[in-house]
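File shown here: structure_0.cif, holding mmCIF, C-alpha atoms, pLDDT in the B column; chains and numbers go by the auth columns.
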```cif
data_coords
loop_
_atom_site.group_PDB
_atom_site.id
_atom_site.type_symbol
_atom_site.label_atom_id
_atom_site.label_comp_id
_atom_site.label_asym_id
_atom_site.label_seq_id
_atom_site.Cartn_x
_atom_site.Cartn_y
_atom_site.Cartn_z
_atom_site.B_iso_or_equiv
_atom_site.auth_seq_id
_atom_site.auth_asym_id
ATOM 1 C CA MET A 1 129.149 171.623 141.163 50.00 987 A
ATOM 2 C CA SER A 2 132.171 169.872 142.655 57.00 988 A
ATOM 3 C CA LEU A 3 134.394 167.206 141.060 60.00 989 A
ATOM 4 C CA VAL A 4 136.049 164.427 143.009 56.00 990 A
ATOM 5 C CA GLU A 5 139.189 162.942 141.487 63.00 991 A
ATOM 6 C CA ILE A 6 140.048 159.417 142.624 59.00 992 A
ATOM 7 C CA THR A 7 143.545 158.306 141.707 63.00 993 A
ATOM 8 C CA GLN A 8 144.035 155.200 143.891 62.00 994 A
ATOM 9 C CA HIS A 9 141.436 152.506 144.355 61.00 995 A
ATOM 10 C CA ASP A 10 141.248 148.698 144.484 67.00 996 A
ATOM 11 C CA GLU A 11 137.568 148.282 143.568 68.00 997 A
ATOM 12 C CA VAL A 12 136.701 145.356 141.257 69.00 998 A
ATOM 13 C CA ILE A 13 133.214 144.752 139.805 69.00 999 A
ATOM 14 C CA TYR A 14 133.484 140.981 140.300 70.00 1000 A
ATOM 15 C CA ARG A 15 133.831 141.521 144.077 71.00 1001 A
ATOM 16 C CA ILE A 16 130.734 143.683 144.200 71.00 1002 A
ATOM 17 C CA LEU A 17 128.441 141.166 142.414 73.00 1003 A
ATOM 18 C CA ASP A 18 126.950 138.339 144.378 76.00 1004 A
ATOM 19 C CA LYS A 19 128.617 134.988 143.886 78.00 1005 A
ATOM 20 C CA PRO A 20 126.480 132.247 142.316 80.00 1006 A
ATOM 21 C CA PRO A 21 125.176 129.626 144.728 85.00 1007 A
ATOM 22 C CA PRO A 22 127.299 126.484 144.946 87.00 1008 A
ATOM 23 C CA GLU A 23 126.110 123.447 142.985 89.00 1009 A
ATOM 24 C CA PRO A 24 124.380 120.794 145.086 88.00 1010 A
ATOM 25 C CA PRO A 25 126.388 117.610 145.645 89.00 1011 A
ATOM 26 C CA LYS A 26 125.631 114.781 143.214 88.00 1012 A
ATOM 27 C CA THR A 27 124.011 111.647 144.518 88.00 1013 A
ATOM 28 C CA PRO A 28 126.146 108.521 144.285 86.00 1014 A
ATOM 29 C CA ARG A 29 125.586 106.467 141.129 85.00 1015 A
ATOM 30 C CA TYR A 30 123.523 103.307 141.488 83.00 1016 A
ATOM 31 C CA GLU A 31 125.531 100.131 141.235 83.00 1017 A
ATOM 32 C CA SER A 32 123.937 96.725 141.150 84.00 1018 A
ATOM 33 C CA LYS A 33 125.232 94.190 143.654 85.00 1019 A
ATOM 34 C CA LEU A 34 124.604 91.388 141.188 85.00 1020 A
ATOM 35 C CA GLU A 35 126.878 93.002 138.596 84.00 1021 A
ATOM 36 C CA ARG A 36 129.703 93.234 141.128 81.00 1022 A
ATOM 37 C CA GLN A 37 129.280 89.571 142.028 83.00 1023 A
ATOM 38 C CA LEU A 38 129.338 88.589 138.342 79.00 1024 A
ATOM 39 C CA LYS A 39 132.543 90.548 137.786 78.00 1025 A
ATOM 40 C CA GLU A 40 134.196 88.817 140.744 78.00 1026 A
ATOM 41 C CA THR A 41 133.098 85.309 139.694 77.00 1027 A
ATOM 42 C CA LYS A 42 133.787 85.836 135.952 68.00 1028 A
ATOM 43 C CA ILE A 43 136.413 83.514 134.501 60.00 1029 A
ATOM 44 C CA PRO A 44 139.127 85.546 132.773 61.00 1030 A
ATOM 45 C CA GLN A 45 139.416 84.765 129.081 61.00 1031 A
ATOM 46 C CA LEU A 46 142.323 85.216 126.766 61.00 1032 A
ATOM 47 C CA LYS A 47 142.389 88.310 124.649 63.00 1033 A
ATOM 48 C CA ARG A 48 141.124 87.706 121.156 65.00 1034 A
ATOM 49 C CA THR A 49 142.266 89.469 118.002 70.00 1035 A
ATOM 50 C CA PHE A 50 141.279 89.600 114.341 75.00 1036 A
ATOM 51 C CA GLY A 51 144.175 87.327 113.437 74.00 1037 A
ATOM 52 C CA TYR A 52 147.343 87.880 111.484 78.00 1038 A
ATOM 53 C CA ALA A 53 147.573 90.687 108.974 81.00 1039 A
ATOM 54 C CA GLU A 54 149.172 88.189 106.604 85.00 1040 A
ATOM 55 C CA VAL A 55 148.753 84.449 107.052 84.00 1041 A
ATOM 56 C CA PRO A 56 152.197 82.918 107.526 86.00 1042 A
ATOM 57 C CA LEU A 57 153.108 80.205 105.053 87.00 1043 A
ATOM 58 C CA LYS A 58 153.976 76.700 106.100 87.00 1044 A
ATOM 59 C CA PRO A 59 157.607 75.669 105.919 91.00 1045 A
ATOM 60 C CA PRO A 60 158.618 73.616 102.866 88.00 1046 A
ATOM 61 C CA GLU A 61 158.915 70.445 105.002 88.00 1047 A
ATOM 62 C CA GLN A 62 155.118 70.534 105.583 87.00 1048 A
ATOM 63 C CA PHE A 63 154.113 70.935 101.925 86.00 1049 A
ATOM 64 C CA LEU A 64 151.796 68.301 100.432 83.00 1050 A
ATOM 65 C CA LYS A 65 153.758 65.519 98.796 84.00 1051 A
ATOM 66 C CA LYS A 66 152.769 63.184 95.995 83.00 1052 A
ATOM 67 C CA GLY A 67 150.210 60.580 97.020 78.00 1053 A
ATOM 68 C CA GLU A 68 149.292 62.327 100.279 80.00 1054 A
ATOM 69 C CA GLY A 69 146.227 64.166 98.978 76.00 1055 A
ATOM 70 C CA ILE A 70 142.652 62.985 99.335 74.00 1056 A
ATOM 71 C CA GLY A 71 141.853 61.200 96.106 73.00 1057 A
ATOM 72 C CA GLN A 72 138.552 60.071 94.669 73.00 1058 A
ATOM 73 C CA GLU A 73 137.306 56.702 95.727 76.00 1059 A
ATOM 74 C CA CYS A 74 137.254 54.007 93.081 75.00 1060 A
ATOM 75 C CA LYS A 75 133.772 52.952 92.085 78.00 1061 A
ATOM 76 C CA LYS A 76 133.091 49.334 92.910 80.00 1062 A
ATOM 77 C CA SER A 77 131.181 47.250 90.405 80.00 1063 A
ATOM 78 C CA ASP A 78 129.631 43.808 90.612 80.00 1064 A
ATOM 79 C CA HIS A 79 131.249 42.685 87.360 77.00 1065 A
ATOM 80 C CA LYS A 80 133.240 39.505 87.599 76.00 1066 A
ATOM 81 C CA CYS A 81 135.582 38.296 84.905 73.00 1067 A
ATOM 82 C CA ILE A 82 134.934 34.751 83.754 71.00 1068 A
ATOM 83 C CA MET A 83 138.159 32.864 83.562 69.00 1069 A
ATOM 84 C CA GLY A 84 138.488 29.947 81.152 71.00 1070 A
ATOM 85 C CA ASN A 85 137.284 29.122 77.624 78.00 1071 A
ATOM 86 C CA LEU A 86 134.489 31.359 76.351 78.00 1072 A
ATOM 87 C CA PRO A 87 131.660 29.993 74.187 80.00 1073 A
ATOM 88 C CA PRO A 88 132.321 30.240 70.438 83.00 1074 A
ATOM 89 C CA VAL A 89 130.950 33.158 68.463 85.00 1075 A
ATOM 90 C CA PRO A 90 127.829 32.127 66.487 87.00 1076 A
ATOM 91 C CA LYS A 91 128.437 31.886 62.758 89.00 1077 A
ATOM 92 C CA ARG A 92 126.712 34.158 60.302 87.00 1078 A
ATOM 93 C CA PRO A 93 123.881 32.458 58.441 85.00 1079 A
ATOM 94 C CA PRO A 94 124.488 31.859 54.729 86.00 1080 A
ATOM 95 C CA PRO A 95 123.085 34.523 52.404 83.00 1081 A
ATOM 96 C CA GLU A 96 119.719 33.804 50.927 83.00 1082 A
ATOM 97 C CA LYS A 97 119.224 33.541 47.192 80.00 1083 A
ATOM 98 C CA LYS A 98 117.704 36.671 45.725 78.00 1084 A
ATOM 99 C CA SER A 99 114.417 36.107 43.971 78.00 1085 A
ATOM 100 C CA ASP A 100 114.511 36.765 40.241 79.00 1086 A
ATOM 101 C CA LYS A 101 112.667 39.922 39.279 80.00 1087 A
ATOM 102 C CA PRO A 102 110.095 39.530 36.529 82.00 1088 A
ATOM 103 C CA LYS A 103 111.270 40.896 33.252 86.00 1089 A
ATOM 104 C CA VAL A 104 109.376 44.008 32.185 88.00 1090 A
ATOM 105 C CA ASN A 105 109.035 45.129 28.585 92.00 1091 A
ATOM 106 C CA ILE A 106 109.662 48.849 29.040 92.00 1092 A
ATOM 107 C CA LYS A 107 108.858 49.710 25.424 93.00 1093 A
ATOM 108 C CA LEU A 108 105.446 48.056 25.562 93.00 1094 A
ATOM 109 C CA ARG A 109 104.665 49.781 28.902 93.00 1095 A
ATOM 110 C CA ASN A 110 105.541 53.184 27.493 93.00 1096 A
ATOM 111 C CA ILE A 111 103.384 52.567 24.400 93.00 1097 A
ATOM 112 C CA ARG A 112 100.360 51.717 26.552 93.00 1098 A
ATOM 113 C CA LYS A 113 100.941 54.777 28.734 92.00 1099 A
ATOM 114 C CA VAL A 114 101.080 57.044 25.709 91.00 1100 A
ATOM 115 C CA LEU A 115 97.887 55.563 24.288 91.00 1101 A
ATOM 116 C CA LYS A 116 96.021 56.233 27.562 91.00 1102 A
ATOM 117 C CA THR A 117 97.179 59.831 27.990 90.00 1103 A
ATOM 118 C CA LYS A 118 94.972 62.629 26.701 87.00 1104 A
ATOM 119 C CA GLY A 119 96.250 65.348 24.492 84.00 1105 A
ATOM 120 C CA ARG A 120 96.841 68.844 25.830 84.00 1106 A
ATOM 121 C CA PRO A 121 93.958 71.159 24.924 87.00 1107 A
ATOM 122 C CA VAL A 122 94.811 73.843 22.441 86.00 1108 A
ATOM 123 C CA GLU A 123 94.522 77.288 23.958 86.00 1109 A
ATOM 124 C CA PRO A 124 92.563 79.654 21.713 86.00 1110 A
ATOM 125 C CA ARG A 125 94.779 82.387 20.315 87.00 1111 A
ATOM 126 C CA LEU A 126 94.418 85.335 18.001 85.00 1112 A
ATOM 127 C CA VAL A 127 96.835 86.546 15.328 84.00 1113 A
ATOM 128 C CA ASP A 128 96.272 90.269 14.890 80.00 1114 A
ATOM 129 C CA THR A 129 99.232 91.347 12.716 82.00 1115 A
ATOM 130 C CA ARG A 130 100.693 90.193 9.463 82.00 1116 A
ATOM 131 C CA ASP A 131 103.995 89.461 11.208 84.00 1117 A
ATOM 132 C CA GLY A 132 102.307 86.668 13.200 81.00 1118 A
ATOM 133 C CA HIS A 133 101.870 88.429 16.559 86.00 1119 A
ATOM 134 C CA ILE A 134 99.889 85.999 18.740 87.00 1120 A
ATOM 135 C CA LYS A 135 97.611 87.147 21.535 86.00 1121 A
ATOM 136 C CA LYS A 136 95.625 84.936 23.917 87.00 1122 A
ATOM 137 C CA ILE A 137 91.897 85.341 23.563 85.00 1123 A
ATOM 138 C CA LYS A 138 91.261 84.537 27.244 83.00 1124 A
ATOM 139 C CA GLY A 139 91.501 87.750 29.258 81.00 1125 A
ATOM 140 C CA SER A 140 91.978 89.969 26.211 81.00 1126 A
ATOM 141 C CA GLY A 141 88.412 91.351 26.239 79.00 1127 A
ATOM 142 C CA GLU A 142 87.639 90.200 22.698 81.00 1128 A
ATOM 143 C CA VAL A 143 85.212 87.495 23.914 82.00 1129 A
ATOM 144 C CA PRO A 144 82.618 88.054 26.704 85.00 1130 A
ATOM 145 C CA GLU A 145 83.603 85.986 29.717 84.00 1131 A
ATOM 146 C CA TYR A 146 82.404 87.575 32.940 84.00 1132 A
ATOM 147 C CA CYS A 147 78.761 87.864 31.849 86.00 1133 A
ATOM 148 C CA LEU A 148 78.701 84.156 30.962 85.00 1134 A
ATOM 149 C CA ARG A 149 79.738 83.026 34.451 86.00 1135 A
ATOM 150 C CA PRO A 150 77.106 81.047 36.421 87.00 1136 A
ATOM 151 C CA ASP A 151 77.226 83.480 39.376 85.00 1137 A
ATOM 152 C CA PHE A 152 76.913 86.622 37.226 88.00 1138 A
ATOM 153 C CA GLY A 153 74.427 89.125 38.674 86.00 1139 A
ATOM 154 C CA GLN A 154 74.000 87.231 41.945 89.00 1140 A
ATOM 155 C CA MET A 155 74.652 88.581 45.435 91.00 1141 A
ATOM 156 C CA PRO A 156 77.913 87.396 47.030 90.00 1142 A
ATOM 157 C CA ALA A 157 77.670 84.717 49.693 91.00 1143 A
ATOM 158 C CA TYR A 158 79.083 86.923 52.485 94.00 1144 A
ATOM 159 C CA LEU A 159 76.389 89.561 51.839 94.00 1145 A
ATOM 160 C CA VAL A 160 73.678 86.904 51.897 94.00 1146 A
ATOM 161 C CA ASN A 161 74.940 85.607 55.263 95.00 1147 A
ATOM 162 C CA ARG A 162 75.157 89.129 56.684 95.00 1148 A
ATOM 163 C CA ASN A 163 71.612 90.001 55.588 95.00 1149 A
ATOM 164 C CA ARG A 164 70.344 86.746 57.081 96.00 1150 A
ATOM 165 C CA LYS A 165 71.966 87.575 60.433 96.00 1151 A
ATOM 166 C CA ILE A 166 70.507 91.105 60.361 96.00 1152 A
ATOM 167 C CA GLN A 167 67.032 89.726 59.666 96.00 1153 A
ATOM 168 C CA LYS A 168 67.325 87.256 62.557 95.00 1154 A
ATOM 169 C CA ARG A 169 68.403 90.039 64.896 95.00 1155 A
ATOM 170 C CA LEU A 170 65.520 92.294 63.828 95.00 1156 A
ATOM 171 C CA GLU A 171 63.082 89.423 64.280 94.00 1157 A
ATOM 172 C CA LYS A 172 64.341 88.846 67.834 92.00 1158 A
ATOM 173 C CA ILE A 173 63.956 92.548 68.635 91.00 1159 A
ATOM 174 C CA ARG A 174 60.415 92.581 67.215 90.00 1160 A
ATOM 175 C CA LEU A 175 59.387 89.511 69.236 89.00 1161 A
ATOM 176 C CA ALA A 176 60.888 91.011 72.384 85.00 1162 A
ATOM 177 C CA ASP A 177 58.952 94.243 71.833 82.00 1163 A
ATOM 178 C CA GLU A 178 55.699 92.336 71.270 82.00 1164 A
ATOM 179 C CA ASN A 179 56.121 90.189 74.391 78.00 1165 A
ATOM 180 C CA LYS A 180 57.384 93.042 76.498 74.00 1166 A
ATOM 181 C CA GLU A 181 55.236 93.780 79.522 70.00 1167 A
ATOM 182 C CA SER A 182 54.034 97.289 80.147 67.00 1168 A
ATOM 183 C CA LEU A 183 56.073 99.298 82.647 71.00 1169 A
ATOM 184 C CA CYS A 184 52.984 101.109 83.882 76.00 1170 A
ATOM 185 C CA LYS A 185 50.738 99.394 86.412 78.00 1171 A
ATOM 186 C CA LEU A 186 47.373 100.591 87.687 82.00 1172 A
ATOM 187 C CA ILE A 187 47.070 100.450 91.486 83.00 1173 A
ATOM 188 C CA ASN A 188 43.753 99.390 93.008 85.00 1174 A
ATOM 189 C CA GLU A 189 41.649 101.368 95.467 86.00 1175 A
ATOM 190 C CA GLU A 190 43.122 99.716 98.573 87.00 1176 A
ATOM 191 C CA GLU A 191 46.674 100.550 97.558 87.00 1177 A
ATOM 192 C CA ARG A 192 45.605 104.095 96.715 86.00 1178 A
ATOM 193 C CA GLN A 193 44.006 104.587 100.141 89.00 1179 A
ATOM 194 C CA LYS A 194 47.077 103.116 101.848 89.00 1180 A
ATOM 195 C CA LEU A 195 49.335 105.451 99.875 88.00 1181 A
ATOM 196 C CA LEU A 196 47.169 108.418 100.869 90.00 1182 A
ATOM 197 C CA VAL A 197 47.270 107.445 104.572 90.00 1183 A
ATOM 198 C CA ASP A 198 51.070 107.074 104.478 91.00 1184 A
ATOM 199 C CA LEU A 199 51.483 110.482 102.834 91.00 1185 A
ATOM 200 C CA LYS A 200 49.290 112.140 105.477 91.00 1186 A
ATOM 201 C CA GLN A 201 51.239 110.461 108.294 92.00 1187 A
ATOM 202 C CA ASN A 202 54.487 111.699 106.800 92.00 1188 A
ATOM 203 C CA TRP A 203 53.029 115.188 106.532 91.00 1189 A
ATOM 204 C CA GLN A 204 51.986 115.142 110.198 92.00 1190 A
ATOM 205 C CA ILE A 205 55.449 114.025 111.324 91.00 1191 A
ATOM 206 C CA MET A 206 57.099 116.674 109.178 90.00 1192 A
ATOM 207 C CA GLN A 207 54.657 119.363 110.378 90.00 1193 A
ATOM 208 C CA LYS A 208 55.363 118.492 114.022 90.00 1194 A
ATOM 209 C CA ALA A 209 59.123 118.701 113.446 90.00 1195 A
ATOM 210 C CA PHE A 210 58.658 122.028 111.619 90.00 1196 A
ATOM 211 C CA LEU A 211 56.677 123.538 114.508 89.00 1197 A
ATOM 212 C CA GLN A 212 59.390 122.538 116.964 88.00 1198 A
ATOM 213 C CA LEU A 213 61.958 124.689 115.159 87.00 1199 A
ATOM 214 C CA PRO A 214 63.090 127.844 116.986 85.00 1200 A
ATOM 215 C CA MET A 215 61.326 131.074 116.075 82.00 1201 A
ATOM 216 C CA LEU A 216 64.576 132.984 115.671 82.00 1202 A
ATOM 217 C CA THR A 217 66.606 131.880 112.636 81.00 1203 A
ATOM 218 C CA ASP A 218 69.780 133.856 113.147 83.00 1204 A
ATOM 219 C CA THR A 219 72.291 131.359 111.712 88.00 1205 A
ATOM 220 C CA ILE A 220 72.766 129.943 108.244 89.00 1206 A
ATOM 221 C CA PRO A 221 72.249 126.244 109.280 88.00 1207 A
ATOM 222 C CA LYS A 222 68.900 127.167 110.876 89.00 1208 A
ATOM 223 C CA ILE A 223 67.790 129.026 107.738 89.00 1209 A
ATOM 224 C CA LEU A 224 68.797 126.129 105.469 91.00 1210 A
ATOM 225 C CA LYS A 225 67.055 123.548 107.641 90.00 1211 A
ATOM 226 C CA LYS A 226 63.859 125.600 107.777 90.00 1212 A
ATOM 227 C CA THR A 227 63.757 126.182 104.004 91.00 1213 A
ATOM 228 C CA LYS A 228 64.408 122.476 103.336 92.00 1214 A
ATOM 229 C CA MET A 229 61.551 121.416 105.627 91.00 1215 A
ATOM 230 C CA GLU A 230 59.211 123.970 103.998 92.00 1216 A
ATOM 231 C CA GLN A 231 59.997 122.527 100.548 92.00 1217 A
ATOM 232 C CA GLU A 232 59.365 118.960 101.766 92.00 1218 A
ATOM 233 C CA LEU A 233 56.040 120.009 103.327 92.00 1219 A
ATOM 234 C CA ARG A 234 54.939 121.705 100.085 92.00 1220 A
ATOM 235 C CA GLN A 235 55.870 118.598 98.084 92.00 1221 A
ATOM 236 C CA LEU A 236 53.895 116.349 100.466 92.00 1222 A
ATOM 237 C CA GLU A 237 50.848 118.627 100.197 92.00 1223 A
ATOM 238 C CA LYS A 238 51.049 118.464 96.372 91.00 1224 A
ATOM 239 C CA ASP A 239 51.295 114.662 96.451 90.00 1225 A
ATOM 240 C CA ILE A 240 48.317 114.357 98.805 90.00 1226 A
ATOM 241 C CA ALA A 241 46.221 116.653 96.609 90.00 1227 A
ATOM 242 C CA LEU A 242 47.249 114.693 93.518 88.00 1228 A
ATOM 243 C CA VAL A 243 46.296 111.320 95.037 87.00 1229 A
ATOM 244 C CA GLU A 244 42.964 112.627 96.355 88.00 1230 A
ATOM 245 C CA SER A 245 41.927 114.249 93.082 88.00 1231 A
ATOM 246 C CA ASN A 246 42.896 111.339 90.758 85.00 1232 A
ATOM 247 C CA PRO A 247 41.146 107.990 91.334 84.00 1233 A
ATOM 248 C CA TYR A 248 43.277 106.224 88.677 83.00 1234 A
ATOM 249 C CA ILE A 249 47.003 106.200 89.440 81.00 1235 A
ATOM 250 C CA TYR A 250 49.683 104.389 87.443 78.00 1236 A
ATOM 251 C CA ILE A 251 53.101 103.542 88.825 77.00 1237 A
ATOM 252 C CA TYR A 252 56.321 102.541 87.105 72.00 1238 A
ATOM 253 C CA ASP A 253 58.263 99.494 88.262 64.00 1239 A
#
```

Take the structure I supplied and represent it as structure tokens, if you would.
Amino acid sequence: MSLVEITQHDEVIYRILDKPPPEPPKTPRYESKLERQLKETKIPQLKRTFGYAEVPLKPPEQFLKKGEGIGQECKKSDHKCIMGNLPPVPKRPPPEKKSDKPKVNIKLRNIRKVLKTKGRPVEPRLVDTRDGHIKKIKGSGEVPEYCLRPDFGQMPAYLVNRNRKIQKRLEKIRLADENKESLCKLINEEERQKLLVDLKQNWQIMQKAFLQLPMLTDTIPKILKKTKMEQELRQLEKDIALVESNPYIYIYD
């Protein structure tokens, strides 16, 4: 095995690699002829700014002086002052003479009023001690009061009204039940035969659709469809047998 020692060389890796292909020249940008014409015919306008940073004040000679402001207009009225002698003020009428009030004998009126008034009824009381302790008999329980009332032992008015309303409601319910029509209805022979014919037609249609099913039921939807149709066919056969064997059939509305 031999070794080669290279001490001087000017090899560069960037010179060995292939240079990238040059970029294709860019196409000139589209410029509208109308835009150029508008720029040439455009009237130059003065440059506009946001205004002064601080609004300069007017000189003192231009300040508003007294009487130069815009005042409020005086309201014009149609009133006209009458010049000359005014009519005299009407005089106050003389006071009328007060009518004399009839003299009333107050003593005699009070005596008559006292004679007409009734005396205050004496409240029954009970003295139960030797020291003169007085106790009112009313409400003390010494005398029967509640059992002597005219409404003692009678039903209160609100209970009477409530019972009357309950009786009216029960009467309405009873009348409604008596006049209520029966929910069951017996079908005649023609309707029974028509029902039987319709059931048989449905069974034939279902049987034809069942026979058209594929023999191989290898998927779940096929299995479910077949089982559903078998159940419907069995139910139709039961209904047909029921209608044929029973001449009297009732239906519910």

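Comparing the minimum interatomic distances between A:Lys1180 and each of A:Arg1095, A:Glu1230, A:Lys1012, A:Leu1112, counting only C-alpha atoms, we find that A:Glu1230 sits nearest.
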
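The coordinates place atom CA of A:Pro1110 at 21.4 Å from atom CA of A:Pro1136.
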
Take the PyMOL selection byres ((chain A and resi 1226) around 10), run it mentally on this structure, and tell me the resulting residues as a PyMOL selection string. chain A and resi 1181-1186+1189+1220-1225+1227-1231

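Evaluated against the shown file, the PyMOL selection byres ((chain A and resi 1173) around 9) gives Lys1171, Leu1172, Asn1174, Glu1175, Glu1176, Glu1177, Arg1178, Tyr1234, Ile1235, Tyr1236 and Ile1237 of chain A.
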
So what do you get for atom CA of A:Gly1125 versus atom CA of A:Thr1103, distance-wise? 28.5 Å

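With atom CA of A:Ile1206 on one side and atom CA of A:Gln1190 on the other, the separation reads 25.6 Å.
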
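Proximity of A:Gln1179, A:Asn1147, A:Arg1160, A:Pro1076 to A:Pro1233, computed with only C-alpha atoms, is greatest for A:Gln1179.
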
Shell around A:Arg1111 at 6 Å using all atoms listed in the file, local window under 6 positions removed, as a ChimeraX atom specification: /A:1121-1123

File for stretch 1012-1019 of chain A (all heavy atoms), as a short mmCIF file (atom, residue, chain, number, x, y, z; two decimals), in the first residue's frame:
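For reference, result.cif as written:
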```
data_model
loop_
_atom_site.label_atom_id
_atom_site.label_comp_id
_atom_site.auth_asym_id
_atom_site.auth_seq_id
_atom_site.Cartn_x
_atom_site.Cartn_y
_atom_site.Cartn_z
N LYS A 1012 -37.11 38.60 -16.19
CA LYS A 1012 -38.49 38.93 -15.82
C LYS A 1012 -39.17 39.68 -16.96
O LYS A 1012 -38.54 40.50 -17.63
CB LYS A 1012 -38.53 39.79 -14.56
CG LYS A 1012 -38.06 39.04 -13.32
CD LYS A 1012 -38.19 39.93 -12.10
CE LYS A 1012 -37.76 39.18 -10.84
NZ LYS A 1012 -37.88 40.03 -9.64
N THR A 1013 -40.43 39.38 -17.12
CA THR A 1013 -41.21 40.09 -18.15
C THR A 1013 -41.51 41.50 -17.68
O THR A 1013 -41.64 41.76 -16.48
CB THR A 1013 -42.53 39.35 -18.41
OG1 THR A 1013 -43.24 39.22 -17.17
CG2 THR A 1013 -42.28 37.96 -18.96
N PRO A 1014 -41.56 42.44 -18.58
CA PRO A 1014 -41.83 43.83 -18.16
C PRO A 1014 -43.21 43.94 -17.53
O PRO A 1014 -44.16 43.27 -17.91
CB PRO A 1014 -41.73 44.62 -19.47
CG PRO A 1014 -41.97 43.63 -20.55
CD PRO A 1014 -41.42 42.33 -20.05
N ARG A 1015 -43.31 44.78 -16.51
CA ARG A 1015 -44.57 44.97 -15.77
C ARG A 1015 -45.59 45.67 -16.66
O ARG A 1015 -45.24 46.57 -17.42
CB ARG A 1015 -44.32 45.82 -14.52
CG ARG A 1015 -45.53 45.98 -13.64
CD ARG A 1015 -45.18 46.80 -12.43
NE ARG A 1015 -46.35 47.05 -11.61
CZ ARG A 1015 -46.35 47.82 -10.54
NH1 ARG A 1015 -45.23 48.42 -10.15
NH2 ARG A 1015 -47.47 47.99 -9.85
N TYR A 1016 -46.86 45.26 -16.50
CA TYR A 1016 -47.92 45.86 -17.31
C TYR A 1016 -48.26 47.24 -16.78
O TYR A 1016 -48.43 47.44 -15.57
CB TYR A 1016 -49.18 44.97 -17.27
CG TYR A 1016 -50.39 45.60 -17.89
CD1 TYR A 1016 -50.53 45.67 -19.28
CD2 TYR A 1016 -51.38 46.16 -17.10
CE1 TYR A 1016 -51.64 46.26 -19.84
CE2 TYR A 1016 -52.49 46.75 -17.66
CZ TYR A 1016 -52.62 46.81 -19.04
OH TYR A 1016 -53.73 47.40 -19.60
N GLU A 1017 -48.29 48.18 -17.69
CA GLU A 1017 -48.67 49.55 -17.34
C GLU A 1017 -49.80 49.97 -18.26
O GLU A 1017 -49.71 49.83 -19.48
CB GLU A 1017 -47.48 50.49 -17.50
CG GLU A 1017 -46.39 50.25 -16.47
CD GLU A 1017 -45.28 51.28 -16.57
OE1 GLU A 1017 -45.42 52.19 -17.44
OE2 GLU A 1017 -44.29 51.18 -15.83
N SER A 1018 -50.84 50.50 -17.65
CA SER A 1018 -52.00 50.93 -18.41
C SER A 1018 -51.70 52.27 -19.10
O SER A 1018 -51.12 53.18 -18.50
CB SER A 1018 -53.21 51.07 -17.49
OG SER A 1018 -54.30 51.57 -18.20
N LYS A 1019 -52.11 52.38 -20.34
CA LYS A 1019 -51.93 53.64 -21.07
C LYS A 1019 -52.85 54.71 -20.50
O LYS A 1019 -52.49 55.89 -20.46
CB LYS A 1019 -52.23 53.43 -22.55
CG LYS A 1019 -51.26 52.47 -23.23
CD LYS A 1019 -51.62 52.30 -24.69
CE LYS A 1019 -50.67 51.33 -25.39
NZ LYS A 1019 -51.02 51.16 -26.82
#
```
